[in-house]
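Colleague: Dropping in work.pdb, with PDB, C-alpha atoms.
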```pdb
ATOM      1  CA  MET A  74       0.000   0.000   0.000
ATOM      2  CA  PRO A  75       1.540   3.368  -0.973
ATOM      3  CA  PRO A  76       1.975   6.027   1.707
ATOM      4  CA  ASN A  77      -0.589   8.751   2.050
ATOM      5  CA  ALA A  78       0.502  12.313   1.393
ATOM      6  CA  THR A  79      -1.174  14.899   3.597
ATOM      7  CA  ASP A  80      -1.961  18.597   3.634
ATOM      8  CA  GLN A  81       1.332  20.027   4.888
ATOM      9  CA  LYS A  82      -0.172  23.316   6.070
ATOM     10  CA  GLN A  83      -1.520  22.052   9.389
ATOM     11  CA  GLU A  84       0.962  22.036  12.251
ATOM     12  CA  LEU A  85       0.309  19.583  15.074
ATOM     13  CA  GLU A  86       2.048  18.593  18.266
ATOM     14  CA  ILE A  87       3.748  15.191  18.024
ATOM     15  CA  SER A  88       1.374  13.808  20.689
ATOM     16  CA  ASP A  89      -1.623  14.815  18.523
ATOM     17  CA  ILE A  90      -0.031  13.261  15.443
ATOM     18  CA  ARG A  91       0.387   9.963  17.327
ATOM     19  CA  GLN A  92      -3.343   9.988  18.107
ATOM     20  CA  LYS A  93      -4.443  11.050  14.627
ATOM     21  CA  TYR A  94      -2.389   8.327  12.872
ATOM     22  CA  PRO A  95      -2.560   5.295  15.218
ATOM     23  CA  GLN A  96      -0.273   2.319  14.525
ATOM     24  CA  GLN A  97       1.259   3.948  11.459
ATOM     25  CA  TRP A  98       4.672   5.081  10.293
ATOM     26  CA  VAL A  99       4.665   8.863  10.077
ATOM     27  CA  THR A 100       7.043  11.368   8.492
ATOM     28  CA  VAL A 101       6.877  14.849   9.991
ATOM     29  CA  ASP A 102       8.621  18.052   8.918
ATOM     30  CA  ILE A 103       9.552  19.499  12.313
ATOM     31  CA  THR A 104       8.660  23.174  12.826
ATOM     32  CA  GLN A 105       9.325  23.445  16.560
ATOM     33  CA  ARG A 106      11.494  21.570  19.071
ATOM     34  CA  ASP A 107      11.135  21.490  22.834
ATOM     35  CA  LYS A 108      13.695  22.878  25.278
ATOM     36  CA  TYR A 109      15.672  19.615  25.022
ATOM     37  CA  GLY A 110      15.810  19.735  21.222
ATOM     38  CA  LEU A 111      13.270  16.960  20.709
ATOM     39  CA  PRO A 112      10.570  17.233  18.005
ATOM     40  CA  PHE A 113       7.499  18.975  19.439
ATOM     41  CA  VAL A 114       5.439  20.436  16.562
ATOM     42  CA  GLY A 115       5.434  19.669  12.861
ATOM     43  CA  ARG A 116       3.578  19.029   9.630
ATOM     44  CA  VAL A 117       2.769  15.456   8.606
ATOM     45  CA  ILE A 118       4.201  14.771   5.163
ATOM     46  CA  LEU A 119       3.475  11.036   4.811
ATOM     47  CA  HIS A 120       1.868   8.241   6.782
ATOM     48  CA  SER A 121       1.580   4.526   6.064
ATOM     49  CA  LYS A 122       1.054   1.164   7.743
ATOM     50  CA  THR A 123       4.451  -0.028   6.481
ATOM     51  CA  LYS A 124       7.903   1.426   7.063
ATOM     52  CA  LYS A 125       9.144   0.447   3.596
ATOM     53  CA  ASP A 126       6.589   2.739   1.943
ATOM     54  CA  ILE A 127       7.805   5.673   3.998
ATOM     55  CA  VAL A 128      11.510   4.969   3.466
ATOM     56  CA  ASP A 129      11.012   4.680  -0.306
ATOM     57  CA  GLN A 130       9.235   8.056  -0.438
ATOM     58  CA  ILE A 131      11.467  10.179   1.815
ATOM     59  CA  GLU A 132      14.715   9.318   0.074
ATOM     60  CA  ASN A 133      14.780  12.657  -1.773
ATOM     61  CA  THR A 134      12.720  14.724   0.664
ATOM     62  CA  GLU A 135      14.352  17.734   2.268
ATOM     63  CA  GLY A 136      13.595  19.313   5.607
ATOM     64  CA  ASP A 137      13.991  18.652   9.295
ATOM     65  CA  LEU A 138      12.361  15.228   9.119
ATOM     66  CA  TYR A 139      11.220  13.011  11.965
ATOM     67  CA  VAL A 140      10.100   9.472  11.115
ATOM     68  CA  PHE A 141       8.452   7.374  13.815
ATOM     69  CA  TYR A 142       5.973   4.572  14.481
ATOM     70  CA  SER A 143       2.936   5.861  16.356
ATOM     71  CA  GLY A 144       1.972   2.548  17.938
ATOM     72  CA  ALA A 145       3.233   0.802  21.028
ATOM     73  CA  ILE A 146       6.671  -0.806  20.860
ATOM     74  CA  ASP A 147       5.163  -4.250  21.369
ATOM     75  CA  ASP A 148       2.783  -3.853  18.381
ATOM     76  CA  ASP A 149       3.395  -6.012  15.331
ATOM     77  CA  VAL A 150       5.365  -3.586  13.167
ATOM     78  CA  ASP A 151       5.916  -4.029   9.412
TER      79      ASP A 151
END
```
Translate this structure into structure tokens?

Modeller:
Amino acid sequence: MPPNATDQKQELEISDIRQKYPQQWVTVDITQRDKYGLPFVGRVILHSKTKKDIVDQIENTEGDLYVFYSGAIDDDVD
């Protein structure tokens, strides 16, 4: 299944992104970091159920990217 591109205008906190895209791989263009330098706010660029789809798409993408799995660590991850 190909990744889903999203409207990049909306900025969301990482915690909200995790809720909006449950158990998915998500690529975010970071727009704000917290006081420790960790991603805090950003725009979702891509999301998919499989990591391979995301990796294939972000190869030539520029920006301050953060790629993560929004599910629990013990979930079955592709």

Colleague: Could you please determine the separation between CA of Glu84 in chain A and CA of Leu138 in chain A in Å, to one decimal place?

Modeller: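 These two atoms are separated by 13.6 Å.
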
Colleague: Can you work out the spacing between CA of Ser121 in chain A and CA of Lys93 in chain A in Å, to one decimal?

Modeller: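 The value is 12.3 Å.
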
Colleague: Give as a list in words the residues that the PyMOL selection byres ((chain A and resi 104) around 10) matches when applied to the coordinates above.

Modeller: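 Given this file, the PyMOL selection byres ((chain A and resi 104) around 10) evaluates to Glu84, Leu85, Glu86, Val101, Asp102, Ile103, Gln105, Arg106, Pro112, Phe113, Val114, Gly115, Arg116, Gly136, Asp137 and Leu138 of chain A.
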
Colleague: If you measure from CA of Tyr94 in chain A to CA of Lys124 in chain A, what distance in Å do you get, rounded to one decimal?

Modeller: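 Computing the Euclidean distance for CA of Tyr94 in chain A and CA of Lys124 in chain A yields 13.7 Å.
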
Colleague: List as an MDAnalysis selection string the protein and nucleic acid residues near Ala145 in chain A, meaning an atom at most 12 Å away when only C-alpha atoms are counted, but skip any in the same chain fewer than 6 places from it.

Modeller: chainID A and resid 91:92 95:98

Colleague: With C-alpha atoms retained, export the selected residues as an mmCIF file, in the coordinates of the input.

Modeller:
```
data_model
loop_
_atom_site.group_PDB
_atom_site.id
_atom_site.type_symbol
_atom_site.label_atom_id
_atom_site.label_comp_id
_atom_site.auth_asym_id
_atom_site.auth_seq_id
_atom_site.Cartn_x
_atom_site.Cartn_y
_atom_site.Cartn_z
ATOM 1 C CA ARG A 91 0.387 9.963 17.327
ATOM 2 C CA GLN A 92 -3.343 9.988 18.107
ATOM 3 C CA PRO A 95 -2.560 5.295 15.218
ATOM 4 C CA GLN A 96 -0.273 2.319 14.525
ATOM 5 C CA GLN A 97 1.259 3.948 11.459
ATOM 6 C CA TRP A 98 4.672 5.081 10.293
#
```

Colleague: Which residues, named as in the file, does the PyMOL selection byres ((chain A and resi 99) around 6) pick out? Answer as a tab-separated table (two decimals) with C-alpha atoms, in the coordinates of the input.

Modeller:
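Result went into part.tsv, see below:
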```tsv
chain	number	residue	atom	x	y	z
A	98	TRP	CA	4.67	5.08	10.29
A	100	THR	CA	7.04	11.37	8.49
A	119	LEU	CA	3.48	11.04	4.81
A	120	HIS	CA	1.87	8.24	6.78
A	140	VAL	CA	10.10	9.47	11.12
A	141	PHE	CA	8.45	7.37	13.82
```

Colleague: Please write out, as JSON, where the centre of an axis-aligned box around all listed atoms of range 104-120 of chain A lies and how long its edges are, in Å to one decimal, after adding 5 Å on each side.

Modeller:
```
{"center_x": 8.8, "center_y": 15.8, "center_z": 15.0, "size_x": 23.9, "size_y": 25.2, "size_z": 30.5}
```

Colleague: Nearest residue to Thr134 in chain A out of A:Ile146, A:Ile90, A:Ile118, A:Leu111, using only C-alpha atoms?

Modeller: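 Between A:Ile146, A:Ile90, A:Ile118, A:Leu111, the residue approaching Thr134 in chain A most closely is A:Ile118.
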